[in-house]
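Student: Here you go, this is work-v5.tsv (TSV, C-alpha atoms and all ligand atoms).
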```
chain	number	residue	atom	x	y	z
A	1117	MET	CA	9.22	11.68	40.06
A	1118	ASN	CA	12.11	13.60	38.60
A	1119	TYR	CA	12.49	12.41	35.02
A	1120	HIS	CA	15.70	12.94	33.19
A	1121	ILE	CA	15.13	14.55	29.79
A	1122	SER	CA	18.02	14.33	27.37
A	1123	GLN	CA	19.82	17.53	26.49
A	1124	ARG	CA	18.89	16.73	22.90
A	1125	ALA	CA	15.15	16.88	23.55
A	1126	ALA	CA	15.21	19.50	26.30
A	1127	SER	CA	16.95	22.04	24.08
A	1128	LEU	CA	14.23	21.98	21.39
A	1129	ALA	CA	11.97	24.98	20.98
A	1130	PRO	CA	8.34	23.88	20.64
A	1131	SER	CA	6.79	24.61	17.25
A	1132	MET	CA	5.26	28.09	17.55
A	1133	THR	CA	2.95	27.52	14.60
A	1134	LEU	CA	1.41	24.62	16.46
A	1135	VAL	CA	1.11	26.67	19.67
A	1136	ILE	CA	-0.86	29.45	17.93
A	1137	ASP	CA	-2.87	26.87	16.06
A	1138	SER	CA	-3.90	25.04	19.23
A	1139	LYS	CA	-4.84	28.32	20.95
A	1140	ALA	CA	-7.00	29.23	17.95
A	1141	LYS	CA	-8.63	25.79	18.03
A	1142	GLN	CA	-9.31	26.19	21.77
A	1143	LEU	CA	-11.08	29.49	21.15
A	1144	LYS	CA	-13.04	27.92	18.32
A	1145	ALA	CA	-14.08	24.98	20.49
A	1146	ALA	CA	-15.30	27.50	23.07
A	1147	GLY	CA	-17.68	28.84	20.42
A	1148	GLN	CA	-15.62	31.86	19.31
A	1149	ASP	CA	-15.64	32.86	15.64
A	1150	VAL	CA	-11.91	32.66	14.90
A	1151	VAL	CA	-10.43	33.32	11.46
A	1152	GLY	CA	-7.33	31.18	10.97
A	1153	PHE	CA	-4.42	32.49	8.89
A	1154	GLY	CA	-2.08	30.08	10.64
A	1155	ALA	CA	-2.55	26.99	8.49
A	1156	GLY	CA	0.51	25.46	6.92
A	1157	GLU	CA	-1.57	23.20	4.71
A	1158	PRO	CA	-3.89	23.48	1.69
A	1159	ASP	CA	-7.61	23.86	2.44
A	1160	PHE	CA	-8.51	21.62	-0.53
A	1161	ASP	CA	-9.36	17.94	-0.21
A	1162	THR	CA	-7.02	15.27	-1.59
A	1163	PRO	CA	-8.13	14.53	-5.20
A	1164	GLN	CA	-10.56	11.62	-5.35
A	1165	HIS	CA	-8.52	9.32	-7.62
A	1166	ILE	CA	-5.66	9.38	-5.09
A	1167	LYS	CA	-8.01	8.45	-2.25
A	1168	ASP	CA	-9.52	5.71	-4.41
A	1169	ALA	CA	-6.09	4.18	-5.10
A	1170	ALA	CA	-5.29	4.05	-1.38
A	1171	SER	CA	-8.75	2.63	-0.56
A	1172	LYS	CA	-8.32	-0.05	-3.16
A	1173	ALA	CA	-4.86	-0.96	-1.81
A	1174	LEU	CA	-6.35	-1.23	1.67
A	1175	ALA	CA	-9.24	-3.38	0.43
A	1176	ASP	CA	-6.79	-5.57	-1.51
A	1177	GLY	CA	-4.83	-6.24	1.69
A	1178	PHE	CA	-1.80	-4.13	0.84
A	1179	THR	CA	-1.25	-3.68	4.55
A	1180	LYS	CA	2.13	-5.19	5.32
A	1181	TYR	CA	5.72	-3.95	5.57
A	1182	THR	CA	7.17	-2.66	2.32
A	1183	PRO	CA	10.85	-2.10	1.52
A	1184	SER	CA	11.93	0.55	4.04
A	1185	SER	CA	12.71	3.19	1.40
A	1186	GLY	CA	9.41	2.71	-0.42
A	1187	ILE	CA	7.80	0.40	-2.97
A	1188	PRO	CA	9.73	0.09	-6.28
A	1189	GLU	CA	6.69	1.32	-8.23
A	1190	LEU	CA	6.65	4.60	-6.30
A	1191	ARG	CA	10.43	5.15	-6.39
A	1192	GLU	CA	10.27	4.63	-10.14
A	1193	ALA	CA	7.36	7.07	-10.52
A	1194	ILE	CA	9.35	9.65	-8.56
A	1195	ALA	CA	12.46	9.09	-10.72
A	1196	ASN	CA	10.22	9.61	-13.79
A	1197	LYS	CA	8.84	12.81	-12.33
A	1198	PHE	CA	12.38	14.19	-11.93
A	1199	LYS	CA	13.28	13.16	-15.47
A	1200	GLN	CA	10.19	14.61	-17.11
A	1201	GLU	CA	9.66	17.76	-15.05
A	1202	ASN	CA	13.18	18.69	-13.97
A	1203	ASN	CA	15.40	17.01	-16.57
A	1204	LEU	CA	17.18	15.20	-13.73
A	1205	THR	CA	18.31	11.60	-13.98
A	1206	TYR	CA	17.97	9.60	-10.78
A	1207	LYS	CA	17.93	5.83	-10.45
A	1208	PRO	CA	15.12	4.55	-8.22
A	1209	SER	CA	17.87	3.54	-5.76
A	1210	GLN	CA	18.71	7.24	-5.33
A	1211	VAL	CA	15.13	8.00	-4.30
A	1212	ILE	CA	14.00	7.48	-0.70
A	1213	VAL	CA	10.34	7.73	0.26
A	1214	SER	CA	9.80	8.85	3.86
A	1215	SER	CA	7.00	9.67	6.28
A	1216	GLY	CA	6.59	13.26	5.12
A	1217	GLY	CA	8.83	15.92	3.62
A	1218	LYS	CA	9.74	16.89	7.16
A	1219	HIS	CA	11.02	13.39	7.76
A	1220	SER	CA	13.01	13.58	4.52
A	1221	CYS	CA	14.68	16.79	5.76
A	1222	TYR	CA	15.46	15.16	9.08
A	1223	ASN	CA	17.00	12.16	7.36
A	1224	VAL	CA	19.21	14.36	5.18
A	1225	ILE	CA	20.51	16.39	8.11
A	1226	MET	CA	21.04	13.32	10.29
A	1227	ALA	CA	22.89	11.49	7.53
A	1228	THR	CA	25.21	14.35	6.58
A	1229	CYS	CA	25.84	16.50	9.69
A	1230	GLU	CA	27.50	16.00	13.05
A	1231	ALA	CA	29.11	17.85	15.96
A	1232	GLY	CA	31.39	20.61	14.72
A	1233	ASP	CA	29.55	21.03	11.43
A	1234	GLU	CA	27.84	24.26	10.43
A	1235	VAL	CA	24.63	24.46	8.43
A	1236	ILE	CA	23.75	27.71	6.67
A	1237	ILE	CA	20.06	28.61	6.84
A	1238	PRO	CA	18.59	31.78	5.31
A	1239	ALA	CA	16.02	33.54	7.53
A	1240	PRO	CA	13.05	33.75	7.53
A	1241	TYR	CA	13.32	29.95	7.66
A	1242	TRP	CA	10.95	27.01	8.02
A	1243	LEU	CA	11.12	26.61	11.76
A	1244	SER	CA	12.07	22.94	11.84
A	1245	TYR	CA	15.41	23.41	10.03
A	1246	PRO	CA	17.43	24.91	12.91
A	1247	GLU	CA	15.96	22.47	15.42
A	1248	MET	CA	16.86	19.50	13.21
A	1249	VAL	CA	20.40	20.83	12.84
A	1250	LYS	CA	20.67	21.03	16.63
A	1251	LEU	CA	19.34	17.47	16.93
A	1252	ALA	CA	22.28	16.42	14.74
A	1253	SER	CA	24.61	18.24	17.22
A	1254	ALA	CA	25.57	20.63	14.42
A	1255	THR	CA	25.35	24.44	14.52
A	1256	PRO	CA	22.80	26.50	12.56
A	1257	VAL	CA	24.33	29.60	10.93
A	1258	ILE	CA	21.50	32.01	10.14
A	1259	LEU	CA	21.67	34.46	7.23
A	1260	GLU	CA	19.29	37.37	7.73
A	1261	THR	CA	17.26	38.78	4.87
A	1262	SER	CA	14.48	41.36	4.74
A	1263	ASP	CA	11.61	42.47	2.55
A	1264	LYS	CA	14.06	44.90	0.87
A	1265	THR	CA	15.64	41.91	-0.95
A	1266	GLU	CA	12.33	40.03	-1.18
A	1267	PHE	CA	13.68	37.74	1.55
A	1268	LYS	CA	16.41	36.28	-0.67
A	1269	VAL	CA	20.04	35.77	0.36
A	1270	THR	CA	22.67	37.19	-1.96
A	1271	PRO	CA	25.66	35.25	-3.29
A	1272	GLU	CA	27.92	37.63	-1.30
A	1273	GLN	CA	26.10	36.75	1.92
A	1274	LEU	CA	26.43	33.04	1.27
A	1275	ARG	CA	30.09	33.31	0.30
A	1276	ALA	CA	30.92	35.25	3.46
A	1277	ALA	CA	29.18	32.70	5.70
A	1278	ILE	CA	31.00	29.62	4.41
A	1279	THR	CA	33.82	28.32	6.63
A	1280	PRO	CA	35.87	25.12	6.50
A	1281	ARG	CA	33.24	23.65	8.86
A	1282	THR	CA	30.25	24.38	6.61
A	1283	ARG	CA	28.60	21.11	5.67
A	1284	LEU	CA	25.24	22.07	4.28
A	1285	PHE	CA	23.35	25.02	2.80
A	1286	ILE	CA	19.56	24.83	3.07
A	1287	LEU	CA	17.67	26.35	0.16
A	1288	ASN	CA	13.87	26.51	0.18
A	1289	SER	CA	12.34	28.01	-2.95
A	1290	PRO	CA	9.41	28.66	-3.13
A	1291	SER	CA	9.75	29.54	0.53
A	1292	ASN	CA	7.75	28.84	3.61
A	1293	PRO	CA	7.21	31.32	5.33
A	1294	THR	CA	7.76	34.18	2.85
A	1295	GLY	CA	6.54	32.78	-0.47
A	1296	ALA	CA	9.76	34.05	-2.09
A	1297	VAL	CA	10.80	32.35	-5.32
A	1298	TYR	CA	14.43	32.65	-6.44
A	1299	THR	CA	14.91	33.10	-10.18
A	1300	PRO	CA	16.82	30.36	-12.03
A	1301	GLU	CA	19.80	32.76	-12.30
A	1302	GLU	CA	19.77	33.43	-8.56
A	1303	ILE	CA	19.60	29.71	-7.79
A	1304	LYS	CA	22.48	28.97	-10.13
A	1305	ALA	CA	24.62	31.69	-8.54
A	1306	LEU	CA	24.09	30.21	-5.06
A	1307	GLY	CA	24.71	26.71	-6.39
A	1308	ASP	CA	27.94	27.84	-8.09
A	1309	ILE	CA	29.33	29.00	-4.75
A	1310	CYS	CA	28.44	25.72	-3.03
A	1311	VAL	CA	30.08	23.74	-5.83
A	1312	GLU	CA	33.19	25.92	-5.69
A	1313	ARG	CA	33.48	25.57	-1.90
A	1314	GLY	CA	32.46	21.92	-1.63
A	1315	VAL	CA	29.28	22.55	0.35
A	1316	LEU	CA	26.25	20.28	0.01
A	1317	ILE	CA	22.86	21.83	-0.73
A	1318	MET	CA	19.63	20.55	0.74
A	1319	SER	CA	17.07	21.94	-1.69
A	1320	ASP	CA	13.56	21.79	-0.24
A	1321	GLU	CA	11.34	21.95	-3.32
A	1322	ILE	CA	8.03	20.95	-1.78
A	1323	TYR	CA	6.30	24.10	-3.13
A	1324	GLU	CA	7.71	23.57	-6.64
A	1325	LYS	CA	4.31	23.61	-8.34
A	1326	LEU	CA	2.82	26.52	-6.42
A	1327	VAL	CA	4.15	29.55	-8.33
A	1328	TYR	CA	2.38	32.65	-9.70
A	1329	ASP	CA	2.88	35.59	-12.07
A	1330	GLY	CA	4.81	33.42	-14.51
A	1331	ALA	CA	7.54	32.67	-11.95
A	1332	ARG	CA	9.52	29.56	-12.82
A	1333	HIS	CA	10.84	26.99	-10.39
A	1334	ALA	CA	14.37	25.77	-11.04
A	1335	SER	CA	16.07	22.92	-9.26
A	1336	VAL	CA	19.66	23.70	-8.36
A	1337	ALA	CA	20.63	20.12	-9.21
A	1338	ALA	CA	19.80	20.68	-12.89
A	1339	PHE	CA	22.49	23.27	-13.76
A	1340	SER	CA	25.43	20.88	-14.23
A	1341	GLN	CA	26.81	17.52	-13.16
A	1342	ALA	CA	28.71	19.30	-10.38
A	1343	HIS	CA	25.51	20.95	-9.13
A	1344	TYR	CA	23.77	17.57	-9.24
A	1345	ASP	CA	26.62	15.98	-7.27
A	1346	HIS	CA	26.29	18.64	-4.54
A	1347	THR	CA	22.50	18.56	-4.18
A	1348	ILE	CA	19.94	16.58	-2.23
A	1349	ILE	CA	16.38	17.40	-3.27
A	1350	VAL	CA	13.62	17.15	-0.67
A	1351	HIS	CA	10.04	17.03	-1.87
A	1352	GLY	CA	6.69	15.57	-0.87
A	1353	PHE	CA	3.01	15.06	-1.54
A	1354	ALA	CA	1.65	17.39	1.14
A	1355	LYS	CA	1.29	20.64	-0.76
A	1356	ALA	CA	0.63	20.11	-4.48
A	1357	TRP	CA	-1.65	17.12	-3.88
A	1358	SER	CA	-3.01	18.26	-0.51
A	1359	MET	CA	-1.89	15.11	1.31
A	1360	THR	CA	-0.54	16.55	4.57
A	1361	GLY	CA	-2.13	13.89	6.76
A	1362	TRP	CA	-0.87	11.03	4.62
A	1363	ARG	CA	2.68	11.61	5.81
A	1364	LEU	CA	4.55	10.99	2.59
A	1365	GLY	CA	7.65	12.78	1.37
A	1366	PHE	CA	10.64	11.87	-0.74
A	1367	LEU	CA	14.20	12.83	-1.51
A	1368	ALA	CA	16.67	12.28	-4.32
A	1369	ALA	CA	20.37	12.23	-3.59
A	1370	PRO	CA	23.75	11.10	-4.87
A	1371	GLU	CA	24.01	7.33	-4.39
A	1372	PRO	CA	26.26	7.23	-1.26
A	1373	ILE	CA	23.96	9.65	0.58
A	1374	ALA	CA	20.83	7.78	-0.47
A	1375	LYS	CA	22.45	4.58	0.81
A	1376	ALA	CA	23.23	6.14	4.19
A	1377	ILE	CA	19.68	7.46	4.51
A	1378	ASP	CA	18.28	4.09	3.53
A	1379	ALA	CA	20.16	2.53	6.46
A	1380	LEU	CA	19.12	5.31	8.84
A	1381	GLN	CA	15.46	4.97	7.93
A	1382	SER	CA	15.52	1.17	8.10
A	1383	HIS	CA	16.47	1.43	11.79
A	1384	SER	CA	14.11	4.24	12.74
A	1385	THR	CA	10.71	4.45	11.03
A	1386	SER	CA	11.08	1.71	8.40
A	1387	ASN	CA	8.70	2.08	5.48
A	1388	PRO	CA	6.14	4.87	5.09
A	1389	THR	CA	2.56	3.55	5.29
A	1390	SER	CA	2.00	0.84	2.67
A	1391	PHE	CA	-1.42	1.82	1.25
A	1392	ALA	CA	-0.57	5.53	1.38
A	1393	GLN	CA	2.29	4.78	-1.01
A	1394	LYS	CA	-0.23	3.36	-3.51
A	1395	GLY	CA	-2.13	6.63	-3.27
A	1396	ALA	CA	1.12	8.47	-3.99
A	1397	VAL	CA	1.69	6.43	-7.16
A	1398	ALA	CA	-1.74	7.60	-8.33
A	1399	ALA	CA	-0.85	11.18	-7.37
A	1400	LEU	CA	2.18	11.13	-9.67
A	1401	THR	CA	0.84	9.04	-12.54
A	1402	GLY	CA	-2.83	10.08	-12.55
A	1403	SER	CA	-4.67	13.25	-13.53
A	1404	GLN	CA	-3.12	16.58	-12.49
A	1405	GLU	CA	-6.30	18.47	-13.39
A	1406	HIS	CA	-6.83	19.70	-9.85
A	1407	LEU	CA	-3.67	21.79	-9.90
A	1408	PRO	CA	-4.55	24.62	-12.33
A	1409	LYS	CA	-7.84	25.07	-10.44
A	1410	TRP	CA	-6.06	25.32	-7.10
A	1411	LEU	CA	-3.46	27.68	-8.54
A	1412	ALA	CA	-6.13	29.99	-9.96
A	1413	GLU	CA	-7.86	30.07	-6.58
A	1414	TYR	CA	-4.60	30.70	-4.67
A	1415	ALA	CA	-3.63	33.45	-7.11
A	1416	LYS	CA	-6.96	35.22	-6.61
A	1417	ARG	CA	-6.64	35.08	-2.82
A	1418	ARG	CA	-3.04	36.20	-2.91
A	1419	SER	CA	-3.79	39.30	-5.00
A	1420	TYR	CA	-6.70	40.24	-2.78
A	1421	ALA	CA	-4.77	39.76	0.48
A	1422	HIS	CA	-1.69	41.52	-0.84
A	1423	GLN	CA	-3.66	44.59	-1.83
A	1424	ARG	CA	-5.64	44.67	1.45
A	1425	LEU	CA	-2.51	44.32	3.61
A	1426	ASN	CA	-0.76	47.19	1.82
A	1427	ALA	CA	-3.79	49.41	2.42
A	1428	MET	CA	-3.54	48.98	6.21
A	1429	PRO	CA	-1.83	51.72	8.24
A	1430	GLY	CA	1.72	50.79	9.28
A	1431	ILE	CA	1.76	47.58	7.26
A	1432	SER	CA	3.58	46.83	4.01
A	1433	CYS	CA	3.81	43.57	2.15
A	1434	VAL	CA	5.91	42.39	-0.79
A	1435	ASN	CA	3.98	40.24	-3.23
A	1436	ALA	CA	5.21	36.68	-2.86
A	1437	LYS	CA	5.53	34.64	-6.03
A	1438	GLY	CA	5.00	31.18	-4.58
A	1439	ALA	CA	3.64	28.81	-1.90
A	1440	PHE	CA	0.50	30.07	-0.11
A	1441	TYR	CA	1.91	32.63	2.30
A	1442	LEU	CA	2.36	36.38	2.55
A	1443	PHE	CA	4.85	37.88	4.99
A	1444	PRO	CA	3.79	41.45	5.80
A	1445	ASN	CA	6.07	43.88	7.60
A	1446	ILE	CA	4.42	45.20	10.78
A	1447	SER	CA	7.47	46.82	12.36
A	1448	LYS	CA	6.11	50.37	11.96
A	1449	LEU	CA	3.28	49.53	14.35
A	1450	GLY	CA	5.78	49.19	17.20
A	1451	LEU	CA	4.67	45.83	18.56
A	1452	LYS	CA	6.84	42.73	18.75
A	1453	SER	CA	5.50	40.11	16.36
A	1454	LEU	CA	4.56	37.78	19.22
A	1455	ASP	CA	2.61	40.53	21.03
A	1456	PHE	CA	1.00	41.56	17.77
A	1457	CYS	CA	-0.24	38.02	17.10
A	1458	ALA	CA	-1.32	37.37	20.69
A	1459	ARG	CA	-3.37	40.60	20.72
A	1460	LEU	CA	-4.74	40.04	17.22
A	1461	LEU	CA	-6.03	36.66	18.34
A	1462	GLU	CA	-7.29	37.92	21.70
A	1463	GLU	CA	-8.92	41.16	20.51
A	1464	GLU	CA	-10.03	40.37	16.96
A	1465	LYS	CA	-10.06	36.56	16.87
A	1466	VAL	CA	-7.63	36.32	13.99
A	1467	ALA	CA	-4.82	33.74	14.12
A	1468	ALA	CA	-1.52	34.48	12.37
A	1469	VAL	CA	2.02	33.30	13.11
A	1470	PRO	CA	4.59	35.80	14.47
A	1471	GLY	CA	7.66	36.34	12.29
A	1472	ILE	CA	9.95	35.63	15.24
A	1473	ALA	CA	8.93	31.96	14.98
A	1474	PHE	CA	10.73	31.96	11.64
A	1475	GLY	CA	13.70	33.98	12.86
A	1476	ALA	CA	12.36	37.31	11.56
A	1477	GLU	CA	11.12	39.95	14.03
A	1478	GLY	CA	8.81	42.66	12.67
A	1479	TYR	CA	6.75	40.43	10.38
A	1480	LEU	CA	3.90	37.92	10.45
A	1481	ARG	CA	3.03	34.98	8.29
A	1482	ILE	CA	-0.42	35.02	6.73
A	1483	SER	CA	-1.50	31.77	5.11
A	1484	TYR	CA	-4.11	32.20	2.38
A	1485	ALA	CA	-4.91	28.50	2.28
A	1486	THR	CA	-8.43	29.38	3.37
A	1487	SER	CA	-11.53	30.62	1.56
A	1488	LEU	CA	-11.76	34.10	0.04
A	1489	ALA	CA	-14.73	34.80	2.35
A	1490	ASN	CA	-12.58	33.94	5.36
A	1491	ILE	CA	-9.71	36.04	4.06
A	1492	GLU	CA	-12.02	39.01	3.61
A	1493	LYS	CA	-13.45	38.66	7.12
A	1494	GLY	CA	-10.02	38.14	8.72
A	1495	LEU	CA	-8.47	41.10	6.93
A	1496	ASP	CA	-11.41	43.36	7.84
A	1497	ARG	CA	-10.67	42.55	11.46
A	1498	MET	CA	-6.93	42.92	11.04
A	1499	GLU	CA	-7.43	46.32	9.46
A	1500	LYS	CA	-9.49	47.40	12.44
A	1501	PHE	CA	-6.72	46.18	14.73
A	1502	ALA	CA	-3.99	47.96	12.73
A	1503	ARG	CA	-5.98	51.21	12.79
A	1504	ARG	CA	-6.36	50.95	16.54
A	1505	ILE	CA	-2.65	50.30	17.07
A	1506	ALA	CA	-1.64	53.06	14.65
A	1507	GLY	CA	-4.01	55.47	16.40
A	1508	THR	CA	-5.91	56.14	13.21
A	1509	ALA	CA	-9.17	54.43	14.19
A	1510	ALA	CA	-12.09	56.19	12.55
B	1601	LIG	C1	5.07	21.48	4.44
B	1601	LIG	C2	6.55	21.56	4.31
B	1601	LIG	C3	7.36	20.42	4.26
B	1601	LIG	C4	6.88	19.00	4.36
B	1601	LIG	O1	5.79	18.76	5.08
B	1601	LIG	P1	5.31	17.26	5.31
B	1601	LIG	O2	3.92	17.42	5.80
B	1601	LIG	O3	6.23	16.67	6.33
B	1601	LIG	O4	5.40	16.53	4.01
B	1601	LIG	C5	8.72	20.58	4.06
B	1601	LIG	N1	9.27	21.80	3.96
B	1601	LIG	C6	8.53	22.92	4.02
B	1601	LIG	C7	9.21	24.21	3.88
B	1601	LIG	C8	7.16	22.84	4.22
B	1601	LIG	O5	6.43	23.97	4.32
```
Please re-express this file's structure in structure tokens.
Ligand SMILES: *Cc1c(COP(=O)(O)O)cnc(C)c1O

Tutor:
Amino acid sequence: MNYHISQRAASLAPSMTLVIDSKAKQLKAAGQDVVGFGAGEPDFDTPQHIKDAASKALADGFTKYTPSSGIPELREAIANKFKQENNLTYKPSQVIVSSGGKHSCYNVIMATCEAGDEVIIPAPYWLSYPEMVKLASATPVILETSDKTEFKVTPEQLRAAITPRTRLFILNSPSNPTGAVYTPEEIKALGDICVERGVLIMSDEIYEKLVYDGARHASVAAFSQAHYDHTIIVHGFAKAWSMTGWRLGFLAAPEPIAKAIDALQSHSTSNPTSFAQKGAVAALTGSQEHLPKWLAEYAKRRSYAHQRLNAMPGISCVNAKGAFYLFPNISKLGLKSLDFCARLLEEEKVAAVPGIAFGAEGYLRISYATSLANIEKGLDRMEKFARRIAGTAA
């Protein structure tokens, strides 16, 4: 039968990270020893006290519908987090809990953008942003950056890209896929332009807590009342509490936007999973002792991988200050990023994601959310591959 697929769905590009990931898993299932640098999630387990809180909620029968934007207890805990950690005042009614940070992003774009609107997205970007913008019938406007500017857009670039149709600017610091962290001054400068030109900012701060070398996360909403009024913060439990499978994210927005998203969510997914929300309350209000340990481990892996990558022929890599990714430049080796990754997987059994998936040819994304032993093994193989391609094999 000839099924009609809507233009909306048919025009979507499938997630390339998931494609590489499934190919790597296939090889693994076939008994091959694959090293995976493709993961977009922490390799640590969810802290026990969070699991216990969800188990208890389940055992206590907390298994029914909740208010669609989340239980009051959790929305309050999130508002407290913003107050204490970011000096931002949100009422619980301005906080919406959703089924993952990705879902929060989707809600923001759906509630604020429509046909004719432009959304400015710096590249390399998280690959779902442009697809979500297209789902809202709006137009992604991509701002290119490179390793020369540590993958950060400049105020001049942003200013030049704004038109009367610009609705939203998407800021993601620390960044997936590059690990770039904008300084507070840089964030303020970008925010100033959005305030001046009346453009909303969707600030995806899900990697807030994963910063290194003394880098400091700043939320654009915190610089002034005007910045606050122009900002929607997207956040979630996936990264800093290693809760990717729980599907829990949240956002904080000016009241009218929160209200619109509340309505949107009530007619689509309704509430995020009831007992998972109880786990999230424990994540915010309980011990944070896991975090310094994880950060120390990530920092060690990052330094090691950064130094190894820069020692490979034809490869250079800026040292990212956040998240758990490095974004090495492979352009000197003369292979397209997709060919590079396909051959690296085929010939050396190492999975990485091609830069083109994130709108940046000539790079790859290496996730170091895997053990140091794995990183060492994978980079040994990658070095062999790079030597072969560069014609410098011993
Ligand atoms: C992981 C991630 C998210 C949210 O992921 P969820 O699993 O949906 O919570 C949002 N933005 C970026 C940039 C991410 O890397």

Student: Between A:Ser1220, A:Ser1382, A:Asn1118, A:Thr1360, which residue has the minimum interatomic distance to Asp1159 (chain A), considering all atoms listed in the file?

Tutor: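 Going through A:Ser1220, A:Ser1382, A:Asn1118, A:Thr1360 one by one, the smallest distance to Asp1159 (chain A) is for A:Thr1360.
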
Student: Grab me every residue within 10 Å of ligand LIG 1601 (chain B), counting only C-alpha atoms and all ligand atoms, and send it over as a ChimeraX atom specification.

Tutor: /A:1156-1158,1214-1222,1241-1245,1287-1293,1295,1319-1323,1350-1355,1358-1366,1439-1441

Student: Could you give me, as a ChimeraX atom specification, the residues within 8 Å of region 1264-1272 of chain A, counting only C-alpha atoms and dropping anything in the same chain fewer than 6 positions from it?

Tutor: /A:1238-1240,1294,1296,1298,1305-1306,1309,1434

Student: Next, the residues of the selection above should be written as an mmCIF file, in the coordinates of the input with C-alpha atoms.

Tutor:
```
data_model
loop_
_atom_site.group_PDB
_atom_site.id
_atom_site.type_symbol
_atom_site.label_atom_id
_atom_site.label_comp_id
_atom_site.auth_asym_id
_atom_site.auth_seq_id
_atom_site.Cartn_x
_atom_site.Cartn_y
_atom_site.Cartn_z
ATOM 1 C CA PRO A 1238 18.590 31.780 5.310
ATOM 2 C CA ALA A 1239 16.020 33.540 7.530
ATOM 3 C CA PRO A 1240 13.050 33.750 7.530
ATOM 4 C CA THR A 1294 7.760 34.180 2.850
ATOM 5 C CA ALA A 1296 9.760 34.050 -2.090
ATOM 6 C CA TYR A 1298 14.430 32.650 -6.440
ATOM 7 C CA ALA A 1305 24.620 31.690 -8.540
ATOM 8 C CA LEU A 1306 24.090 30.210 -5.060
ATOM 9 C CA ILE A 1309 29.330 29.000 -4.750
ATOM 10 C CA VAL A 1434 5.910 42.390 -0.790
#
```

Student: From the set A:Leu1143, A:Ala1155, A:Ala1125, A:Val1327, which residue has the shortest atom-to-atom contact distance to Ala1468 (chain A), counting all atoms listed in the file?

Tutor: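 Closest residue, counting all atoms listed in the file: A:Ala1155.
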
Student: Have a look at CA of Thr1347 (chain A) and CA of Ser1253 (chain A) and let me know their distance in Å, one decimal.

Tutor: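 We find that CA of Thr1347 (chain A) and CA of Ser1253 (chain A) lie 21.5 Å from each other.
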
Student: What lies within 12 Å of Lys1207 (chain A) using all atoms listed in the file, ignoring chain neighbours under 2 positions off, as an NGL selection string?

Tutor: :A and (1188 or 1191-1199 or 1204-1205 or 1209-1212 or 1367-1371 or 1374)

Student: Quick check, in Å to one decimal: how far apart do CA of Cys1433 (chain A) and CA of Ala1502 (chain A) lie?

Tutor: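 CA of Cys1433 (chain A) sits 13.9 Å away from CA of Ala1502 (chain A).
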
Student: Can you tell me, as a VMD selection string, what residues are no more than 7 Å from region 1413-1425 of chain A when counting only C-alpha atoms, ignoring any on the same chain fewer than 6 positions away?

Tutor: chain A and resid 1328 1431 to 1433 1435 1440 1484 1488

Student: Just give me the gap between CA of Ala1489 (chain A) and CA of Ser1131 (chain A) in Å, one decimal is fine.

Tutor: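 So the two atoms, CA of Ala1489 (chain A) and CA of Ser1131 (chain A), lie 28.1 Å apart.
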
Student: Between A:Ile1373, A:Leu1284, A:Val1336, A:Ile1482, which one has atoms that come closest to Asn1202 (chain A), using only C-alpha atoms?

Tutor: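 Result for the nearest residue to Asn1202 (chain A): A:Val1336.
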
Student: Which residue, A:Leu1251, A:Glu1230, A:Leu1174, A:Lys1394, has the smallest gap to Ser1127 (chain A) when you use all atoms listed in the file?

Tutor: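 Checking each of A:Leu1251, A:Glu1230, A:Leu1174, A:Lys1394 against Ser1127 (chain A), counting all atoms listed in the file, the winner is A:Leu1251.
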
Student: Could you tell me which of A:Ala1412, A:Val1249, A:Val1397, A:Val1224 comes closest to Ile1187 (chain A) if we count all atoms listed in the file?

Tutor: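 Checking each of A:Ala1412, A:Val1249, A:Val1397, A:Val1224 against Ile1187 (chain A), counting all atoms listed in the file, the winner is A:Val1397.
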
Student: Using only C-alpha atoms, can you list as a ChimeraX atom specification the residues within 10 Å of (5.0, 49.4, 7.1)?

Tutor: /A:1425-1433,1444-1449,1478-1479

Student: Go through A:Arg1313, A:Arg1283, A:Lys1409, A:Lys1465 and flag the residue nearest Leu1495 (chain A), using all atoms listed in the file for the distances.

Tutor: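 Comparing A:Arg1313, A:Arg1283, A:Lys1409, A:Lys1465 against Leu1495 (chain A), the winner is A:Lys1465.
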
Student: Hey, could you pull the box centre and edge lengths for region 1443-1450 of chain A, axis-aligned, 5 Å padding per side, all listed atoms, to one decimal in Å, as JSON?

Tutor:
```
{"center_x": 5.4, "center_y": 44.1, "center_z": 11.1, "size_x": 14.2, "size_y": 22.5, "size_z": 22.2}
```

Student: Once you've located region 1187-1191 of chain A in the structure I gave, write it as a PDB file, in the first residue's frame, keeping N, CA and C atoms.

Tutor:
```
ATOM      1  N   ILE A1187       4.523  17.722  39.225  1.00  0.00           N
ATOM      2  CA  ILE A1187       4.003  17.808  40.593  1.00  0.00           C
ATOM      3  C   ILE A1187       4.504  19.107  41.246  1.00  0.00           C
ATOM      4  N   PRO A1188       3.679  19.745  42.072  1.00  0.00           N
ATOM      5  CA  PRO A1188       4.062  21.017  42.708  1.00  0.00           C
ATOM      6  C   PRO A1188       5.399  20.922  43.435  1.00  0.00           C
ATOM      7  N   GLU A1189       5.615  19.810  44.126  1.00  0.00           N
ATOM      8  CA  GLU A1189       6.849  19.598  44.884  1.00  0.00           C
ATOM      9  C   GLU A1189       8.091  19.722  43.978  1.00  0.00           C
ATOM     10  N   LEU A1190       8.007  19.174  42.786  1.00  0.00           N
ATOM     11  CA  LEU A1190       9.152  19.218  41.874  1.00  0.00           C
ATOM     12  C   LEU A1190       9.308  20.618  41.266  1.00  0.00           C
ATOM     13  N   ARG A1191       8.192  21.228  40.885  1.00  0.00           N
ATOM     14  CA  ARG A1191       8.280  22.577  40.293  1.00  0.00           C
ATOM     15  C   ARG A1191       8.842  23.556  41.323  1.00  0.00           C
TER      16      ARG A1191
END
```
